[in-house]
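Everything on this sheet refers to the single structure shown next.
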Amino acid sequence: MLIKYVPVLFLLVFAIFFAVFAVFFSHILGPKRVNPVKAAPYECGMITLGPTHQTIPIKYYIIAMLFLIFDLEVIFLYPWAVVFRKLGLFGFVEMMIFIFVLLVGFIYVWKKGALEWE
Amino acid sequence: MELVYFLIEAAVKVVAVFSVLMLVVAYLTLAERKILGHIQVRYGPNRVGPFGLFQPIADGIKVFFKEEVIPAKADKPLFVIAPMISIVAALSLFAVIPFGDKIEIFGRTVTLTIADLDIGLLYIFGIASLGEYGIVLGGWSGYNKYGLIGALRAAAQMISYEVALGLSVMGVLMISGTLNLVEIVHKQAGGHWNVLYQPFAFIFYLVCALAEINRTPFDMPEADAELACGFNIEYSSMKFALFFMGEYAHLIAVCAIATTLFLGGWHGPFLPPSLSWIWFVVKTGILVYFCIWERGTFPRLRYDQIMKLGWKVLLPLALANIFFTGLIMVLV
């Protein structure tokens with residue numbers, strides 16, 4: 001029943017209200033003395049060089065792709081784990097084959113050096 | 001009429017959980033500073049009130065009256081929204097955590113959980129991942145190089161450990177056969193705590209959880225010594241405080257979930273069912289203390305070591321844990 005989710009909605013609305021309220025009131029109450037130096041990026045007193053949003057090392061994209069694959073595996077395992085007792089040996093072998101296939105890919109990624117950070 | 005009572009009950013529970021949580025978060029900041037102080041043989045805050053007990057209140061008031069600085073080049077909407085995402089995600093985690101057994105109030109049986117969802121654990125993982133957006137957007141939108149590096153590191157680290165975290169609780173799911181957190185606690189009645197059957201999973205969970213909430217020794221995203229506070233470097237006043245509160249609320253949530261999944265939730269000897277929530281508070285408190293204690297003990301890991309630990313150690317070990325749990329359950 002969806003009515004079960006209404007309290008979650010309550011908490012969500014309450015939390016959002018709190019966050020907006022807190023930021024809004026500190027915005028009203030705090031002093032405002034803006035100057036260009038204060039609004040510059042903080043780099044411990046150094047003047048910042050070049051643009052900030054540059055290209056990002058490819059490593060992070062590889063990690064993101066690996067995450068997608070393995071997190072899907074995790075999501076796929078949840079329903080299996082819940083009914084594990086009912087499935088018995090058949091379910092166990094079935095899922096181990098699935099994990100084995102993914103494991104081969106994982107070993108390939110490892111050997112290729114995608115998990116190295118130097 | 002039943003519906004009206006249900007809604008009133010829900011609203012009361014939300015307000016109660018929220019108020020207690022805010023109080024606990026406020027005093028957790030003091031507790032952390034005090035405990036770290038004593039670990040490092042100094043006093044910690046002791047100026048405001050007896051034993052520094054009014055320090056959180058003073059901090060709260062101060063933070064409201066601080067100037068909010070928004071960098072000229074910042075992406076303003078994202079910059080303002082990021083800390084809100086962080087705190088809202090952390091607070092929403094408490095919707096499904098069972099704090100105690102059923103109690104009777106005004107002749108009504110009340111469950112001590114805001115929402116008793118059948119997909120409780122999935123909800124937890126979903127909402128916990130949302131919190132990452134707050135940190136990543138916060139670091140990215142400030143247009144600061146330290147902040148950007150912190151945000152990138154946070155993103156890679158959190159998603160890496162999320163995989164191992166998801167896999168580490170799988171053994172508990174296989175034993176309990178449900179995603180409902182209240183049911184999981186009921187299945188652990190009579191001393192059958194999951195930590196006894198899944199000791200390794202418990203250790204994996206704790207390590208992954210520490211990485212997930214960016215705490216020492218995995219506090220790479222903020223690494224004060226090299227990134228000058230990382231993703232929240234450009235934040236000031238209440239927006240900084242929201243990140244801070246979000247982090248502490250997330251810490252409590254992670255410990256509460258560990259209690260629920262592994263340490264038998266509210267079950268414990270001596271206390272009647274109506275006071276069972278005390279056991280929950282005690283167990284969660286011990287875990288929170290552990291998180292503070294290890295911060296005073298361990299040095300920070302290097303970034304490549306963190307990623308190596310997540311992918312090359314914890315992920316295979318968590319998979320092996322699932323394999324052996326399944327093998328034993330099938331054979332026995």
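The way I read the labels, and the way they are meant: chains A, B, ... in the order of the structure tokens, residue 1 as the first residue of every chain, and ligand 1 as the first ligand shown, with later ones counted on from there.
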Query raised in the report: Leaving out Ile58 of chain A and any residue of its chain fewer than 4 positions from it, which residues lie within 12 Å of it when counting only C-alpha atoms, given as number ranges by chain?
Result: A: 62-65, 114-115, 117; B: 152, 156
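DSSP annotation of segment 54-83 of chain A from backbone atoms: alpha helix (DSSP H) residues are Ile58, Lys59, Tyr60, Tyr61, Ile62, Ile63, Ala64, Met65, Leu66, Phe67, Leu68, Ile69, Phe70, Asp71, Leu72, Glu73, Val74, Ile75, Phe76, Leu77, Tyr78, Pro79, Trp80, Ala81 and Val82 of chain A.
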With the cut-off set at 6 Å and counting only C-alpha atoms, tabulate each residue of chain B with an atom at most that distance from an atom of chain A, showing the nearest atom pair and its distance in Å to one decimal, ordered by chain and increasing number, as a tab-separated table.
```
residue	atom	partner	partner_atom	distance
B:Ala10	CA	A:Pro7	CA	5.3
B:Val14	CA	A:Leu11	CA	5.7
B:Phe64	CA	A:Ser26	CA	4.6
B:Phe65	CA	A:Gly30	CA	4.4
B:Lys66	CA	A:Gly30	CA	4.9
B:Glu67	CA	A:Gly30	CA	4.6
B:Pro71	CA	A:Ala39	CA	4.2
B:Ala72	CA	A:Ala39	CA	5.1
B:Met84	CA	A:Ala19	CA	5.4
B:Val88	CA	A:Ala15	CA	5.3
B:Ser92	CA	A:Leu12	CA	5.9
B:Ala95	CA	A:Val8	CA	5.7
B:Ala115	CA	A:Pro7	CA	5.8
B:Asn144	CA	A:Pro41	CA	5.4
B:Lys145	CA	A:Thr52	CA	5.6
B:Val163	CA	A:Asp71	CA	5.5
B:Leu173	CA	A:Ala81	CA	5.6
B:Met174	CA	A:Ala81	CA	4.6
B:Gly177	CA	A:Val82	CA	4.1
B:Thr178	CA	A:Val82	CA	5.2
B:Met238	CA	A:Val23	CA	5.7
B:Asp304	CA	A:Trp117	CA	5.1
B:Val330	CA	A:Leu89	CA	5.8
```
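Pairwise distance (atom CA of Leu130 of chain B, atom CA of Ala89 of chain B) equals 6.2 Å.
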**Report entry** segment 199-201 of chain B surroundings by only C-alpha atoms, 8 Å radius, close-in-sequence under 2 positions cut, as a ChimeraX atom specification
**Finding:** /B:168-169,171,194-197,203-205,318,321
**Report entry** Spatial neighbours of Leu121 of chain B, max dist 8 Å, only C-alpha atoms, sep filter under 5 positions, as a ChimeraX atom specification
**Finding:** /B:179-181
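Picture a line from atom CA of Leu275 of chain B to atom CA of Val185 of chain B; it runs 15.6 Å.
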Query raised in the report: Just how far from atom CA of Phe244 of chain B is atom CA of Leu23 of chain B, in Å to one decimal?
Result: 13.9 Å
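Omitting Glu183 of chain B and its sequence neighbours fewer than 6 positions away, and counting only C-alpha atoms, the residues within 10 Å are Pro98, Asp116, Leu117, Asp118, Gly120, Ser176 and Gly177 of chain B.
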May I have the residues within 8 Å of Ile292 of chain B as a CSV table (one decimal) with N, CA and C atoms, in the first residue's frame, using only C-alpha atoms and disregarding those fewer than 3 positions away in the same chain?
```csv
chain,number,residue,atom,x,y,z
B,32,GLU,N,32.6,14.7,19.9
B,32,GLU,CA,33.8,14.4,19.1
B,32,GLU,C,35.0,15.3,19.5
B,35,ILE,N,36.2,14.1,23.0
B,35,ILE,CA,36.9,12.8,23.0
B,35,ILE,C,38.2,12.9,22.3
B,36,LEU,N,38.2,13.6,21.2
B,36,LEU,CA,39.5,13.8,20.5
B,36,LEU,C,40.5,14.5,21.3
B,288,VAL,N,29.1,4.7,17.3
B,288,VAL,CA,29.5,6.1,17.1
B,288,VAL,C,30.8,6.5,17.8
B,289,TYR,N,30.9,6.0,19.1
B,289,TYR,CA,32.1,6.2,19.8
B,289,TYR,C,33.3,5.6,19.1
B,295,ARG,N,39.1,7.9,14.6
B,295,ARG,CA,39.6,9.2,14.0
B,295,ARG,C,40.8,9.7,14.8
B,296,GLY,N,40.8,9.5,16.1
B,296,GLY,CA,42.0,9.9,16.9
B,296,GLY,C,43.2,9.0,16.8
```
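Using only C-alpha atoms, the protein and nucleic acid residues lying no more than 9 Å from Tyr27 of chain B, apart from those fewer than 6 places from it along its own chain, are Leu53, Gln55 and Pro56 of chain B.
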Any chance you could export the current selection's N, CA and C atoms as a short mmCIF file (atom, residue, chain, number, x, y, z; two decimals), in the first residue's frame?
```
data_model
loop_
_atom_site.label_atom_id
_atom_site.label_comp_id
_atom_site.auth_asym_id
_atom_site.auth_seq_id
_atom_site.Cartn_x
_atom_site.Cartn_y
_atom_site.Cartn_z
N LEU B 53 29.39 22.55 27.87
CA LEU B 53 28.12 21.94 27.45
C LEU B 53 27.27 22.86 26.58
N GLN B 55 28.53 24.78 24.26
CA GLN B 55 29.29 25.04 23.05
C GLN B 55 28.47 24.84 21.77
N PRO B 56 27.72 23.70 21.62
CA PRO B 56 26.93 23.53 20.38
C PRO B 56 25.93 24.64 20.18
#
```
Query raised in the report: Tell me, which residues of segment 43-205 of chain B carry DSSP strand (DSSP E or B), written as a list of chain:residue names?
Result: B:Gly100, B:Asp101, B:Lys102, B:Ile103, B:Glu104, B:Ile105, B:Arg108, B:Thr109, B:Val110, B:Thr111, B:Leu112
Write the residues of the preceding selection, restricted to all heavy atoms, as a compact mmCIF listing (two decimals), in the first residue's frame.
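File written: selection15.txt
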```txt
# COMPACT_ATOMS: atom_id res chain seq x y z
N GLY B 100 12.90 0.87 18.09
CA GLY B 100 12.55 0.02 19.22
C GLY B 100 11.35 -0.84 18.90
O GLY B 100 10.79 -0.77 17.80
N ASP B 101 10.98 -1.67 19.89
CA ASP B 101 9.83 -2.56 19.72
C ASP B 101 8.54 -1.75 19.76
O ASP B 101 8.55 -0.55 20.02
CB ASP B 101 9.85 -3.60 20.83
CG ASP B 101 9.27 -4.91 20.38
OD1 ASP B 101 8.64 -4.91 19.30
OD2 ASP B 101 9.44 -5.91 21.08
N LYS B 102 7.43 -2.43 19.47
CA LYS B 102 6.13 -1.75 19.55
C LYS B 102 5.86 -1.29 20.98
O LYS B 102 6.19 -1.98 21.94
CB LYS B 102 5.01 -2.71 19.15
CG LYS B 102 5.01 -3.08 17.70
CD LYS B 102 3.75 -3.88 17.40
CE LYS B 102 3.71 -4.31 15.96
NZ LYS B 102 4.74 -5.33 15.66
N ILE B 103 5.27 -0.09 21.15
CA ILE B 103 4.89 0.35 22.48
C ILE B 103 3.44 0.80 22.47
O ILE B 103 2.86 1.06 21.40
CB ILE B 103 5.79 1.49 23.00
CG1 ILE B 103 5.82 2.64 22.00
CG2 ILE B 103 7.19 1.00 23.29
CD1 ILE B 103 6.45 3.89 22.56
N GLU B 104 2.83 0.86 23.66
CA GLU B 104 1.43 1.28 23.78
C GLU B 104 1.39 2.72 24.27
O GLU B 104 1.92 3.04 25.34
CB GLU B 104 0.71 0.38 24.80
CG GLU B 104 0.59 -1.06 24.39
CD GLU B 104 -0.71 -1.33 23.64
OE1 GLU B 104 -1.65 -0.52 23.80
OE2 GLU B 104 -0.77 -2.33 22.90
N ILE B 105 0.79 3.61 23.48
CA ILE B 105 0.59 4.98 23.92
C ILE B 105 -0.88 5.32 23.72
O ILE B 105 -1.40 5.17 22.61
CB ILE B 105 1.47 5.98 23.14
CG1 ILE B 105 2.95 5.66 23.36
CG2 ILE B 105 1.18 7.40 23.59
CD1 ILE B 105 3.88 6.55 22.58
N ARG B 108 -2.98 2.88 21.92
CA ARG B 108 -2.67 2.65 20.51
C ARG B 108 -1.31 1.98 20.40
O ARG B 108 -0.37 2.38 21.06
CB ARG B 108 -2.62 4.00 19.79
CG ARG B 108 -3.25 4.02 18.44
CD ARG B 108 -3.07 5.40 17.84
NE ARG B 108 -2.43 5.26 16.54
CZ ARG B 108 -3.06 4.82 15.47
NH1 ARG B 108 -4.31 4.47 15.53
NH2 ARG B 108 -2.41 4.72 14.32
N THR B 109 -1.24 0.93 19.58
CA THR B 109 0.05 0.28 19.40
C THR B 109 0.87 1.06 18.38
O THR B 109 0.45 1.25 17.25
CB THR B 109 -0.13 -1.16 18.91
OG1 THR B 109 -1.17 -1.76 19.69
CG2 THR B 109 1.14 -1.96 19.07
N VAL B 110 2.01 1.54 18.82
CA VAL B 110 2.83 2.38 17.96
C VAL B 110 4.15 1.67 17.68
O VAL B 110 4.82 1.21 18.60
CB VAL B 110 3.12 3.74 18.65
CG1 VAL B 110 4.00 4.60 17.78
CG2 VAL B 110 1.82 4.44 18.97
N THR B 111 4.52 1.56 16.41
CA THR B 111 5.83 1.02 16.09
C THR B 111 6.84 2.16 16.13
O THR B 111 6.56 3.26 15.67
CB THR B 111 5.86 0.41 14.68
OG1 THR B 111 5.32 1.37 13.78
CG2 THR B 111 5.06 -0.86 14.61
N LEU B 112 8.00 1.89 16.70
CA LEU B 112 9.00 2.95 16.83
C LEU B 112 9.85 3.05 15.56
O LEU B 112 11.06 2.97 15.59
CB LEU B 112 9.88 2.70 18.05
CG LEU B 112 9.22 3.01 19.38
CD1 LEU B 112 10.21 2.85 20.51
CD2 LEU B 112 8.62 4.40 19.39
```
